[in-house]
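Containing compact mmCIF, N, CA and C atoms: work.txt.
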```txt
# COMPACT_ATOMS: atom_id res chain seq x y z
N MET Q 15 35.76 -32.84 -49.37
CA MET Q 15 35.47 -34.09 -50.07
C MET Q 15 35.85 -35.31 -49.22
N THR Q 16 36.96 -35.21 -48.50
CA THR Q 16 37.44 -36.32 -47.68
C THR Q 16 36.45 -36.70 -46.58
N PRO Q 17 35.88 -35.71 -45.83
CA PRO Q 17 34.91 -36.09 -44.80
C PRO Q 17 33.67 -36.75 -45.41
N LEU Q 18 33.24 -36.26 -46.58
CA LEU Q 18 32.07 -36.84 -47.24
C LEU Q 18 32.32 -38.30 -47.58
N LEU Q 19 33.51 -38.61 -48.04
CA LEU Q 19 33.86 -39.99 -48.37
C LEU Q 19 33.83 -40.87 -47.11
N GLY Q 20 34.35 -40.35 -46.01
CA GLY Q 20 34.34 -41.09 -44.75
C GLY Q 20 32.92 -41.32 -44.24
N HIS Q 21 32.09 -40.29 -44.33
CA HIS Q 21 30.70 -40.43 -43.88
C HIS Q 21 29.93 -41.40 -44.78
N THR Q 22 30.21 -41.35 -46.07
CA THR Q 22 29.58 -42.30 -46.99
C THR Q 22 29.99 -43.72 -46.66
N ALA Q 23 31.27 -43.93 -46.36
CA ALA Q 23 31.75 -45.26 -45.97
C ALA Q 23 31.06 -45.73 -44.69
N MET Q 24 30.86 -44.82 -43.74
CA MET Q 24 30.18 -45.18 -42.50
C MET Q 24 28.73 -45.60 -42.77
N VAL Q 25 28.02 -44.86 -43.60
CA VAL Q 25 26.64 -45.20 -43.93
C VAL Q 25 26.59 -46.54 -44.66
N LEU Q 26 27.51 -46.75 -45.59
CA LEU Q 26 27.57 -48.03 -46.30
C LEU Q 26 27.90 -49.17 -45.34
N HIS Q 27 28.74 -48.90 -44.35
CA HIS Q 27 29.06 -49.90 -43.34
C HIS Q 27 27.81 -50.33 -42.58
N PHE Q 28 27.05 -49.34 -42.11
CA PHE Q 28 25.82 -49.66 -41.39
C PHE Q 28 24.84 -50.41 -42.29
N SER Q 29 24.75 -50.00 -43.55
CA SER Q 29 23.87 -50.70 -44.50
C SER Q 29 24.33 -52.14 -44.72
N PHE Q 30 25.64 -52.32 -44.86
CA PHE Q 30 26.21 -53.65 -45.03
C PHE Q 30 25.88 -54.52 -43.82
N LEU Q 31 26.08 -53.98 -42.63
CA LEU Q 31 25.80 -54.74 -41.41
C LEU Q 31 24.32 -55.10 -41.31
N CYS Q 32 23.45 -54.17 -41.64
CA CYS Q 32 22.00 -54.47 -41.63
C CYS Q 32 21.67 -55.56 -42.63
N PHE Q 33 22.28 -55.50 -43.82
CA PHE Q 33 22.02 -56.53 -44.81
C PHE Q 33 22.56 -57.89 -44.37
N VAL Q 34 23.71 -57.90 -43.71
CA VAL Q 34 24.27 -59.16 -43.21
C VAL Q 34 23.28 -59.80 -42.23
N VAL Q 35 22.75 -59.00 -41.31
CA VAL Q 35 21.89 -59.55 -40.27
C VAL Q 35 20.49 -59.83 -40.79
N PHE Q 36 19.91 -58.92 -41.55
CA PHE Q 36 18.50 -59.04 -41.92
C PHE Q 36 18.25 -59.33 -43.40
N GLY Q 37 19.28 -59.38 -44.21
CA GLY Q 37 19.11 -59.57 -45.65
C GLY Q 37 18.47 -60.89 -46.04
N GLY Q 38 18.65 -61.91 -45.22
CA GLY Q 38 18.04 -63.20 -45.51
C GLY Q 38 16.52 -63.13 -45.54
N PHE Q 39 15.95 -62.20 -44.76
CA PHE Q 39 14.50 -62.05 -44.76
C PHE Q 39 13.99 -61.50 -46.09
N LEU Q 40 14.82 -60.71 -46.79
CA LEU Q 40 14.44 -60.22 -48.12
C LEU Q 40 14.30 -61.38 -49.10
N ALA Q 41 15.06 -62.43 -48.87
CA ALA Q 41 15.02 -63.59 -49.76
C ALA Q 41 13.72 -64.38 -49.59
N TRP Q 42 12.95 -64.11 -48.57
CA TRP Q 42 11.65 -64.78 -48.44
C TRP Q 42 10.74 -64.36 -49.59
N ARG Q 43 10.88 -63.12 -50.02
CA ARG Q 43 10.08 -62.61 -51.14
C ARG Q 43 10.80 -62.77 -52.48
N ARG Q 44 12.11 -62.63 -52.44
CA ARG Q 44 12.93 -62.73 -53.64
C ARG Q 44 13.99 -63.80 -53.40
N PRO Q 45 13.67 -65.06 -53.67
CA PRO Q 45 14.58 -66.17 -53.35
C PRO Q 45 15.97 -66.05 -53.97
N ARG Q 46 16.09 -65.40 -55.10
CA ARG Q 46 17.42 -65.27 -55.72
C ARG Q 46 18.37 -64.42 -54.88
N LEU Q 47 17.81 -63.57 -54.01
CA LEU Q 47 18.65 -62.77 -53.12
C LEU Q 47 19.38 -63.63 -52.09
N PHE Q 48 18.90 -64.85 -51.89
CA PHE Q 48 19.57 -65.73 -50.94
C PHE Q 48 21.05 -65.89 -51.29
N TRP Q 49 21.35 -66.05 -52.57
CA TRP Q 49 22.73 -66.28 -52.99
C TRP Q 49 23.59 -65.04 -52.77
N VAL Q 50 23.01 -63.87 -52.98
CA VAL Q 50 23.72 -62.63 -52.69
C VAL Q 50 23.98 -62.55 -51.19
N HIS Q 51 22.94 -62.84 -50.41
CA HIS Q 51 23.08 -62.77 -48.96
C HIS Q 51 24.10 -63.79 -48.46
N LEU Q 52 24.11 -64.97 -49.04
CA LEU Q 52 25.07 -66.00 -48.65
C LEU Q 52 26.50 -65.49 -48.85
N GLY Q 53 26.77 -64.87 -49.99
CA GLY Q 53 28.10 -64.32 -50.26
C GLY Q 53 28.48 -63.20 -49.30
N VAL Q 54 27.54 -62.31 -49.05
CA VAL Q 54 27.79 -61.19 -48.14
C VAL Q 54 28.02 -61.71 -46.72
N ALA Q 55 27.21 -62.66 -46.28
CA ALA Q 55 27.35 -63.23 -44.94
C ALA Q 55 28.68 -63.98 -44.81
N ALA Q 56 29.07 -64.68 -45.86
CA ALA Q 56 30.36 -65.40 -45.83
C ALA Q 56 31.52 -64.42 -45.73
N TYR Q 57 31.43 -63.32 -46.46
CA TYR Q 57 32.48 -62.30 -46.38
C TYR Q 57 32.52 -61.69 -44.99
N ALA Q 58 31.37 -61.38 -44.42
CA ALA Q 58 31.32 -60.81 -43.06
C ALA Q 58 31.89 -61.80 -42.04
N LEU Q 59 31.58 -63.07 -42.20
CA LEU Q 59 32.12 -64.09 -41.30
C LEU Q 59 33.64 -64.16 -41.44
N GLY Q 60 34.13 -64.03 -42.66
CA GLY Q 60 35.58 -64.00 -42.88
C GLY Q 60 36.25 -62.81 -42.22
N ILE Q 61 35.57 -61.66 -42.22
CA ILE Q 61 36.11 -60.48 -41.55
C ILE Q 61 36.24 -60.74 -40.06
N VAL Q 62 35.23 -61.40 -39.48
CA VAL Q 62 35.23 -61.64 -38.03
C VAL Q 62 36.17 -62.78 -37.66
N ILE Q 63 36.11 -63.90 -38.38
CA ILE Q 63 36.85 -65.11 -37.99
C ILE Q 63 38.30 -65.08 -38.50
N VAL Q 64 38.47 -64.79 -39.78
CA VAL Q 64 39.79 -64.88 -40.41
C VAL Q 64 40.53 -63.55 -40.36
N ASP Q 65 39.82 -62.49 -39.97
CA ASP Q 65 40.38 -61.15 -39.92
C ASP Q 65 40.73 -60.62 -41.31
N TRP Q 66 39.84 -60.93 -42.29
CA TRP Q 66 40.02 -60.36 -43.62
C TRP Q 66 39.89 -58.85 -43.51
N PRO Q 67 40.59 -58.12 -44.36
CA PRO Q 67 40.45 -56.66 -44.34
C PRO Q 67 39.09 -56.24 -44.90
N CYS Q 68 38.56 -55.18 -44.38
CA CYS Q 68 37.29 -54.63 -44.89
C CYS Q 68 37.60 -53.34 -45.64
N PHE Q 69 37.22 -53.31 -46.88
CA PHE Q 69 37.47 -52.16 -47.73
C PHE Q 69 36.85 -50.89 -47.14
N LEU Q 70 35.63 -51.00 -46.61
CA LEU Q 70 34.96 -49.82 -46.06
C LEU Q 70 35.68 -49.29 -44.82
N THR Q 71 36.23 -50.18 -44.01
CA THR Q 71 36.99 -49.74 -42.85
C THR Q 71 38.24 -48.98 -43.29
N GLU Q 72 38.89 -49.48 -44.31
CA GLU Q 72 40.09 -48.81 -44.81
C GLU Q 72 39.77 -47.43 -45.37
N VAL Q 73 38.66 -47.31 -46.10
CA VAL Q 73 38.27 -46.01 -46.65
C VAL Q 73 37.93 -45.04 -45.53
N GLU Q 74 37.14 -45.51 -44.56
CA GLU Q 74 36.76 -44.62 -43.46
C GLU Q 74 37.97 -44.23 -42.62
N ASN Q 75 38.87 -45.17 -42.37
CA ASN Q 75 40.08 -44.84 -41.60
C ASN Q 75 40.97 -43.85 -42.35
N TRP Q 76 41.06 -44.00 -43.66
CA TRP Q 76 41.83 -43.03 -44.46
C TRP Q 76 41.23 -41.64 -44.31
N SER Q 77 39.92 -41.55 -44.42
CA SER Q 77 39.24 -40.27 -44.28
C SER Q 77 39.45 -39.69 -42.88
N ARG Q 78 39.36 -40.54 -41.88
CA ARG Q 78 39.55 -40.09 -40.51
C ARG Q 78 40.97 -39.55 -40.30
N SER Q 79 41.96 -40.26 -40.80
CA SER Q 79 43.35 -39.81 -40.61
C SER Q 79 43.62 -38.53 -41.39
N GLU Q 80 43.03 -38.39 -42.57
CA GLU Q 80 43.22 -37.18 -43.38
C GLU Q 80 42.57 -35.95 -42.75
N THR Q 81 41.54 -36.17 -41.94
CA THR Q 81 40.83 -35.03 -41.33
C THR Q 81 41.18 -34.87 -39.85
N GLY Q 82 42.17 -35.61 -39.37
CA GLY Q 82 42.64 -35.45 -38.00
C GLY Q 82 41.77 -36.12 -36.94
N ARG Q 83 40.90 -37.02 -37.35
CA ARG Q 83 40.07 -37.74 -36.37
C ARG Q 83 40.72 -39.08 -36.04
N ALA Q 84 40.30 -39.64 -34.92
CA ALA Q 84 40.85 -40.94 -34.49
C ALA Q 84 40.41 -42.03 -35.46
N VAL Q 85 41.35 -42.90 -35.80
CA VAL Q 85 41.02 -44.04 -36.68
C VAL Q 85 40.41 -45.16 -35.84
N MET Q 86 39.74 -46.06 -36.52
CA MET Q 86 39.10 -47.19 -35.86
C MET Q 86 40.13 -48.30 -35.72
N GLU Q 87 40.78 -48.38 -34.59
CA GLU Q 87 41.85 -49.36 -34.36
C GLU Q 87 41.35 -50.80 -34.46
N ASP Q 88 40.19 -51.07 -33.87
CA ASP Q 88 39.68 -52.45 -33.81
C ASP Q 88 38.54 -52.71 -34.77
N GLY Q 89 38.30 -51.83 -35.71
CA GLY Q 89 37.29 -52.04 -36.72
C GLY Q 89 35.98 -51.32 -36.43
N PHE Q 90 35.12 -51.39 -37.40
CA PHE Q 90 33.85 -50.66 -37.41
C PHE Q 90 32.93 -51.05 -36.26
N ILE Q 91 32.71 -52.34 -36.07
CA ILE Q 91 31.77 -52.79 -35.04
C ILE Q 91 32.25 -52.39 -33.66
N ASP Q 92 33.52 -52.63 -33.38
CA ASP Q 92 34.05 -52.24 -32.07
C ASP Q 92 34.00 -50.73 -31.86
N PHE Q 93 34.21 -49.97 -32.91
CA PHE Q 93 34.24 -48.51 -32.79
C PHE Q 93 32.85 -47.93 -32.54
N TYR Q 94 31.86 -48.39 -33.31
CA TYR Q 94 30.53 -47.79 -33.25
C TYR Q 94 29.54 -48.53 -32.35
N LEU Q 95 29.64 -49.85 -32.26
CA LEU Q 95 28.58 -50.61 -31.60
C LEU Q 95 28.96 -51.18 -30.24
N THR Q 96 30.15 -51.79 -30.15
CA THR Q 96 30.55 -52.41 -28.89
C THR Q 96 30.72 -51.33 -27.84
N GLY Q 97 30.05 -51.52 -26.72
CA GLY Q 97 30.08 -50.54 -25.65
C GLY Q 97 29.00 -49.48 -25.78
N THR Q 98 28.34 -49.44 -26.93
CA THR Q 98 27.25 -48.48 -27.14
C THR Q 98 25.92 -49.22 -27.26
N LEU Q 99 25.85 -50.14 -28.21
CA LEU Q 99 24.63 -50.91 -28.43
C LEU Q 99 24.52 -52.08 -27.45
N TYR Q 100 25.65 -52.62 -27.06
CA TYR Q 100 25.72 -53.72 -26.10
C TYR Q 100 27.03 -53.58 -25.33
N PRO Q 101 27.06 -54.10 -24.10
CA PRO Q 101 28.31 -54.00 -23.31
C PRO Q 101 29.44 -54.82 -23.93
N ARG Q 102 30.65 -54.35 -23.76
CA ARG Q 102 31.83 -55.01 -24.34
C ARG Q 102 31.90 -56.49 -23.96
N GLU Q 103 31.51 -56.83 -22.72
CA GLU Q 103 31.60 -58.22 -22.28
C GLU Q 103 30.55 -59.12 -22.95
N HIS Q 104 29.64 -58.55 -23.73
CA HIS Q 104 28.63 -59.34 -24.43
C HIS Q 104 28.86 -59.40 -25.94
N LEU Q 105 30.10 -59.20 -26.35
CA LEU Q 105 30.43 -59.26 -27.78
C LEU Q 105 30.09 -60.62 -28.36
N LEU Q 106 30.49 -61.69 -27.69
CA LEU Q 106 30.19 -63.03 -28.19
C LEU Q 106 28.68 -63.25 -28.24
N THR Q 107 27.98 -62.81 -27.22
CA THR Q 107 26.52 -62.96 -27.20
C THR Q 107 25.89 -62.23 -28.38
N SER Q 108 26.36 -61.02 -28.66
CA SER Q 108 25.80 -60.26 -29.79
C SER Q 108 26.07 -60.97 -31.11
N ARG Q 109 27.25 -61.56 -31.26
CA ARG Q 109 27.56 -62.29 -32.49
C ARG Q 109 26.68 -63.53 -32.62
N LEU Q 110 26.44 -64.21 -31.52
CA LEU Q 110 25.57 -65.39 -31.56
C LEU Q 110 24.13 -65.01 -31.89
N VAL Q 111 23.67 -63.89 -31.36
CA VAL Q 111 22.31 -63.42 -31.68
C VAL Q 111 22.21 -63.09 -33.16
N MET Q 112 23.22 -62.40 -33.69
CA MET Q 112 23.21 -62.08 -35.12
C MET Q 112 23.24 -63.35 -35.96
N ALA Q 113 24.06 -64.31 -35.59
CA ALA Q 113 24.11 -65.58 -36.32
C ALA Q 113 22.77 -66.30 -36.23
N GLY Q 114 22.12 -66.23 -35.08
CA GLY Q 114 20.80 -66.84 -34.93
C GLY Q 114 19.76 -66.19 -35.83
N ILE Q 115 19.82 -64.87 -35.96
CA ILE Q 115 18.89 -64.16 -36.85
C ILE Q 115 19.12 -64.58 -38.29
N VAL Q 116 20.38 -64.67 -38.69
CA VAL Q 116 20.70 -65.11 -40.05
C VAL Q 116 20.21 -66.54 -40.28
N ALA Q 117 20.46 -67.43 -39.32
CA ALA Q 117 20.01 -68.83 -39.45
C ALA Q 117 18.49 -68.90 -39.54
N LEU Q 118 17.80 -68.11 -38.75
CA LEU Q 118 16.33 -68.07 -38.81
C LEU Q 118 15.85 -67.60 -40.17
N SER Q 119 16.49 -66.57 -40.70
CA SER Q 119 16.09 -66.07 -42.02
C SER Q 119 16.33 -67.12 -43.09
N TRP Q 120 17.44 -67.84 -43.00
CA TRP Q 120 17.73 -68.88 -43.99
C TRP Q 120 16.77 -70.05 -43.87
N ALA Q 121 16.40 -70.40 -42.64
CA ALA Q 121 15.40 -71.46 -42.45
C ALA Q 121 14.08 -71.03 -43.10
N GLY Q 122 13.74 -69.76 -42.95
CA GLY Q 122 12.53 -69.24 -43.58
C GLY Q 122 12.60 -69.28 -45.09
N VAL Q 123 13.78 -69.01 -45.65
CA VAL Q 123 13.95 -69.10 -47.10
C VAL Q 123 13.72 -70.54 -47.56
N GLY Q 124 14.31 -71.48 -46.84
CA GLY Q 124 14.12 -72.89 -47.18
C GLY Q 124 12.67 -73.30 -47.11
N TRP Q 125 12.00 -72.89 -46.05
CA TRP Q 125 10.58 -73.24 -45.86
C TRP Q 125 9.73 -72.61 -46.96
N THR Q 126 10.00 -71.35 -47.28
CA THR Q 126 9.26 -70.65 -48.33
C THR Q 126 9.45 -71.33 -49.68
N CYS Q 127 10.68 -71.73 -49.99
CA CYS Q 127 10.95 -72.42 -51.26
C CYS Q 127 10.24 -73.77 -51.32
N LEU Q 128 10.25 -74.49 -50.22
CA LEU Q 128 9.54 -75.77 -50.18
C LEU Q 128 8.05 -75.58 -50.40
N ARG Q 129 7.47 -74.57 -49.78
CA ARG Q 129 6.04 -74.29 -49.97
C ARG Q 129 5.74 -73.93 -51.41
N ARG Q 130 6.59 -73.13 -52.04
CA ARG Q 130 6.37 -72.75 -53.44
C ARG Q 130 6.43 -73.96 -54.35
N ARG Q 131 7.41 -74.83 -54.12
CA ARG Q 131 7.53 -76.04 -54.94
C ARG Q 131 6.32 -76.95 -54.74
N SER Q 132 5.87 -77.04 -53.52
CA SER Q 132 4.70 -77.87 -53.22
C SER Q 132 3.47 -77.34 -53.95
N ARG Q 133 3.30 -76.03 -53.95
CA ARG Q 133 2.17 -75.42 -54.66
C ARG Q 133 2.27 -75.63 -56.15
N GLU Q 134 3.49 -75.51 -56.69
CA GLU Q 134 3.68 -75.71 -58.14
C GLU Q 134 3.35 -77.14 -58.54
N ARG Q 135 3.72 -78.09 -57.71
CA ARG Q 135 3.44 -79.50 -58.01
C ARG Q 135 1.96 -79.81 -57.93
N SER Q 136 1.29 -79.17 -57.00
CA SER Q 136 -0.15 -79.45 -56.85
C SER Q 136 -0.98 -78.62 -57.80
N GLY Q 137 -0.36 -77.69 -58.50
CA GLY Q 137 -1.05 -76.90 -59.50
C GLY Q 137 -1.89 -75.77 -58.93
N VAL Q 138 -1.58 -75.35 -57.73
CA VAL Q 138 -2.35 -74.27 -57.10
C VAL Q 138 -1.82 -72.94 -57.52
```
Structure rendered as structure tokens:
Amino acid sequence: MTPLLGHTAMVLHFSFLCFVVFGGFLAWRRPRLFWVHLGVAAYALGIVIVDWPCFLTEVENWSRSETGRAVMEDGFIDFYLTGTLYPREHLLTSRLVMAGIVALSWAGVGWTCLRRRSRERSGV
């Protein structure tokens, strides 16, 4: 049961990270999701900037320690992505790219909402 919990936490972690980076694009179709994405992105930013604890990291680390595997000393992203998906020396670059993707998605949400309001006013 313990390994299953750890693997579930890992999958949820990857899903959370994907939603942080790309979830704003879902709000182009469902504008109310913007507020959910804003909260999730703010929490993720707090994890990175303020070093808030991540519940999923704690669950996965507990599972890892209970099953004799190495715990994630520096967190989920450093354990799974840094050095694998991008070189360690490009950590800041990867964060800036992710922030740029989020900003682009939010700009698209704003543009989409403005277009919808414009259409509603013109009666189209």
Looking only at helix (DSSP H, G or I) from DSSP on the backbone, list the matching residues of region 48-79 of chain Q as a compact mmCIF listing (two decimals) with N, CA and C atoms, in the frame of the given file.
```txt
# COMPACT_ATOMS: atom_id res chain seq x y z
N PHE Q 48 18.90 -64.85 -51.89
CA PHE Q 48 19.57 -65.73 -50.94
C PHE Q 48 21.05 -65.89 -51.29
N TRP Q 49 21.35 -66.05 -52.57
CA TRP Q 49 22.73 -66.28 -52.99
C TRP Q 49 23.59 -65.04 -52.77
N VAL Q 50 23.01 -63.87 -52.98
CA VAL Q 50 23.72 -62.63 -52.69
C VAL Q 50 23.98 -62.55 -51.19
N HIS Q 51 22.94 -62.84 -50.41
CA HIS Q 51 23.08 -62.77 -48.96
C HIS Q 51 24.10 -63.79 -48.46
N LEU Q 52 24.11 -64.97 -49.04
CA LEU Q 52 25.07 -66.00 -48.65
C LEU Q 52 26.50 -65.49 -48.85
N GLY Q 53 26.77 -64.87 -49.99
CA GLY Q 53 28.10 -64.32 -50.26
C GLY Q 53 28.48 -63.20 -49.30
N VAL Q 54 27.54 -62.31 -49.05
CA VAL Q 54 27.79 -61.19 -48.14
C VAL Q 54 28.02 -61.71 -46.72
N ALA Q 55 27.21 -62.66 -46.28
CA ALA Q 55 27.35 -63.23 -44.94
C ALA Q 55 28.68 -63.98 -44.81
N ALA Q 56 29.07 -64.68 -45.86
CA ALA Q 56 30.36 -65.40 -45.83
C ALA Q 56 31.52 -64.42 -45.73
N TYR Q 57 31.43 -63.32 -46.46
CA TYR Q 57 32.48 -62.30 -46.38
C TYR Q 57 32.52 -61.69 -44.99
N ALA Q 58 31.37 -61.38 -44.42
CA ALA Q 58 31.32 -60.81 -43.06
C ALA Q 58 31.89 -61.80 -42.04
N LEU Q 59 31.58 -63.07 -42.20
CA LEU Q 59 32.12 -64.09 -41.30
C LEU Q 59 33.64 -64.16 -41.44
N GLY Q 60 34.13 -64.03 -42.66
CA GLY Q 60 35.58 -64.00 -42.88
C GLY Q 60 36.25 -62.81 -42.22
N ILE Q 61 35.57 -61.66 -42.22
CA ILE Q 61 36.11 -60.48 -41.55
C ILE Q 61 36.24 -60.74 -40.06
N VAL Q 62 35.23 -61.40 -39.48
CA VAL Q 62 35.23 -61.64 -38.03
C VAL Q 62 36.17 -62.78 -37.66
N ILE Q 63 36.11 -63.90 -38.38
CA ILE Q 63 36.85 -65.11 -37.99
C ILE Q 63 38.30 -65.08 -38.50
N PHE Q 69 37.22 -53.31 -46.88
CA PHE Q 69 37.47 -52.16 -47.73
C PHE Q 69 36.85 -50.89 -47.14
N LEU Q 70 35.63 -51.00 -46.61
CA LEU Q 70 34.96 -49.82 -46.06
C LEU Q 70 35.68 -49.29 -44.82
N THR Q 71 36.23 -50.18 -44.01
CA THR Q 71 36.99 -49.74 -42.85
C THR Q 71 38.24 -48.98 -43.29
N GLU Q 72 38.89 -49.48 -44.31
CA GLU Q 72 40.09 -48.81 -44.81
C GLU Q 72 39.77 -47.43 -45.37
N VAL Q 73 38.66 -47.31 -46.10
CA VAL Q 73 38.27 -46.01 -46.65
C VAL Q 73 37.93 -45.04 -45.53
N GLU Q 74 37.14 -45.51 -44.56
CA GLU Q 74 36.76 -44.62 -43.46
C GLU Q 74 37.97 -44.23 -42.62
N ASN Q 75 38.87 -45.17 -42.37
CA ASN Q 75 40.08 -44.84 -41.60
C ASN Q 75 40.97 -43.85 -42.35
N TRP Q 76 41.06 -44.00 -43.66
CA TRP Q 76 41.83 -43.03 -44.46
C TRP Q 76 41.23 -41.64 -44.31
N SER Q 77 39.92 -41.55 -44.42
CA SER Q 77 39.24 -40.27 -44.28
C SER Q 77 39.45 -39.69 -42.88
N ARG Q 78 39.36 -40.54 -41.88
CA ARG Q 78 39.55 -40.09 -40.51
C ARG Q 78 40.97 -39.55 -40.30
N SER Q 79 41.96 -40.26 -40.80
CA SER Q 79 43.35 -39.81 -40.61
C SER Q 79 43.62 -38.53 -41.39
```
**Item:** Point-to-point distance in Å for atom N of Val25 (chain Q) and atom C of Arg78 (chain Q)
**Value:**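 According to the coordinates, atom C of Arg78 (chain Q) and atom N of Val25 (chain Q) are separated by 14.4 Å.
With all atoms listed in the file as the basis for measurement, Q:Leu19 is the residue among Q:Leu105, Q:Leu19, Q:Ala41, Q:Val62 that approaches Trp76 (chain Q) most closely.
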**Asked** List as a ChimeraX atom specification: which residues have an atom within 8 Å of (21.6, -52.7, -31.4), counting all atoms listed in the file?
**Response** /Q:95,98-100
**Request:** Grab the CA of Val123 (chain Q) to CA of His51 (chain Q) distance for me, in Å with one decimal place.
**Result:**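 Distance between the two atoms: 11.3 Å.
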**Message:** Quick check, in Å to one decimal: how far apart do CA of Gly97 (chain Q) and CA of Leu52 (chain Q) lie?
**Reply:**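 Answer for the CA of Gly97 (chain Q) to CA of Leu52 (chain Q) separation: 28.2 Å.
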**Request:** Find the residues around region 107-117 of chain Q up to 8 Å (only N, CA and C atoms counted), leave out those fewer than 4 positions away in its own chain, and share them as a list of chain:residue names.
**Result:**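 Listed by chain and then number, they are Q:Val34, Q:Val35, Q:Phe36, Q:Gly37, Q:Gly38, Q:Phe39, Q:Tyr100, Q:Glu103, Q:Ala121, Q:Gly122, Q:Val123.
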Dump of N, CA and C atoms for the selected residues, as a PDB file, keeping the file's coordinate frame:
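part27.pdb written:
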```
ATOM      1  N   VAL Q  34      23.710 -57.900 -43.710  1.00  0.00           N
ATOM      2  CA  VAL Q  34      24.270 -59.160 -43.210  1.00  0.00           C
ATOM      3  C   VAL Q  34      23.280 -59.800 -42.230  1.00  0.00           C
ATOM      4  N   VAL Q  35      22.750 -59.000 -41.310  1.00  0.00           N
ATOM      5  CA  VAL Q  35      21.890 -59.550 -40.270  1.00  0.00           C
ATOM      6  C   VAL Q  35      20.490 -59.830 -40.790  1.00  0.00           C
ATOM      7  N   PHE Q  36      19.910 -58.920 -41.550  1.00  0.00           N
ATOM      8  CA  PHE Q  36      18.500 -59.040 -41.920  1.00  0.00           C
ATOM      9  C   PHE Q  36      18.250 -59.330 -43.400  1.00  0.00           C
ATOM     10  N   GLY Q  37      19.280 -59.380 -44.210  1.00  0.00           N
ATOM     11  CA  GLY Q  37      19.110 -59.570 -45.650  1.00  0.00           C
ATOM     12  C   GLY Q  37      18.470 -60.890 -46.040  1.00  0.00           C
ATOM     13  N   GLY Q  38      18.650 -61.910 -45.220  1.00  0.00           N
ATOM     14  CA  GLY Q  38      18.040 -63.200 -45.510  1.00  0.00           C
ATOM     15  C   GLY Q  38      16.520 -63.130 -45.540  1.00  0.00           C
ATOM     16  N   PHE Q  39      15.950 -62.200 -44.760  1.00  0.00           N
ATOM     17  CA  PHE Q  39      14.500 -62.050 -44.760  1.00  0.00           C
ATOM     18  C   PHE Q  39      13.990 -61.500 -46.090  1.00  0.00           C
ATOM     19  N   TYR Q 100      25.650 -52.620 -27.060  1.00  0.00           N
ATOM     20  CA  TYR Q 100      25.720 -53.720 -26.100  1.00  0.00           C
ATOM     21  C   TYR Q 100      27.030 -53.580 -25.330  1.00  0.00           C
ATOM     22  N   GLU Q 103      31.510 -56.830 -22.720  1.00  0.00           N
ATOM     23  CA  GLU Q 103      31.600 -58.220 -22.280  1.00  0.00           C
ATOM     24  C   GLU Q 103      30.550 -59.120 -22.950  1.00  0.00           C
ATOM     25  N   ALA Q 121      16.400 -70.400 -42.640  1.00  0.00           N
ATOM     26  CA  ALA Q 121      15.400 -71.460 -42.450  1.00  0.00           C
ATOM     27  C   ALA Q 121      14.080 -71.030 -43.100  1.00  0.00           C
ATOM     28  N   GLY Q 122      13.740 -69.760 -42.950  1.00  0.00           N
ATOM     29  CA  GLY Q 122      12.530 -69.240 -43.580  1.00  0.00           C
ATOM     30  C   GLY Q 122      12.600 -69.280 -45.090  1.00  0.00           C
ATOM     31  N   VAL Q 123      13.780 -69.010 -45.650  1.00  0.00           N
ATOM     32  CA  VAL Q 123      13.950 -69.100 -47.100  1.00  0.00           C
ATOM     33  C   VAL Q 123      13.720 -70.540 -47.560  1.00  0.00           C
TER      34      VAL Q 123
END
```
**Message:** Need the shell around Met15 (chain Q): protein/DNA/RNA residues with any atom at most 8 Å away, counting only N, CA and C atoms. Skip same-chain ones fewer than 5 positions apart. Format as JSON, numbers by chain?
**Reply:** {"Q": [20, 21, 77]}
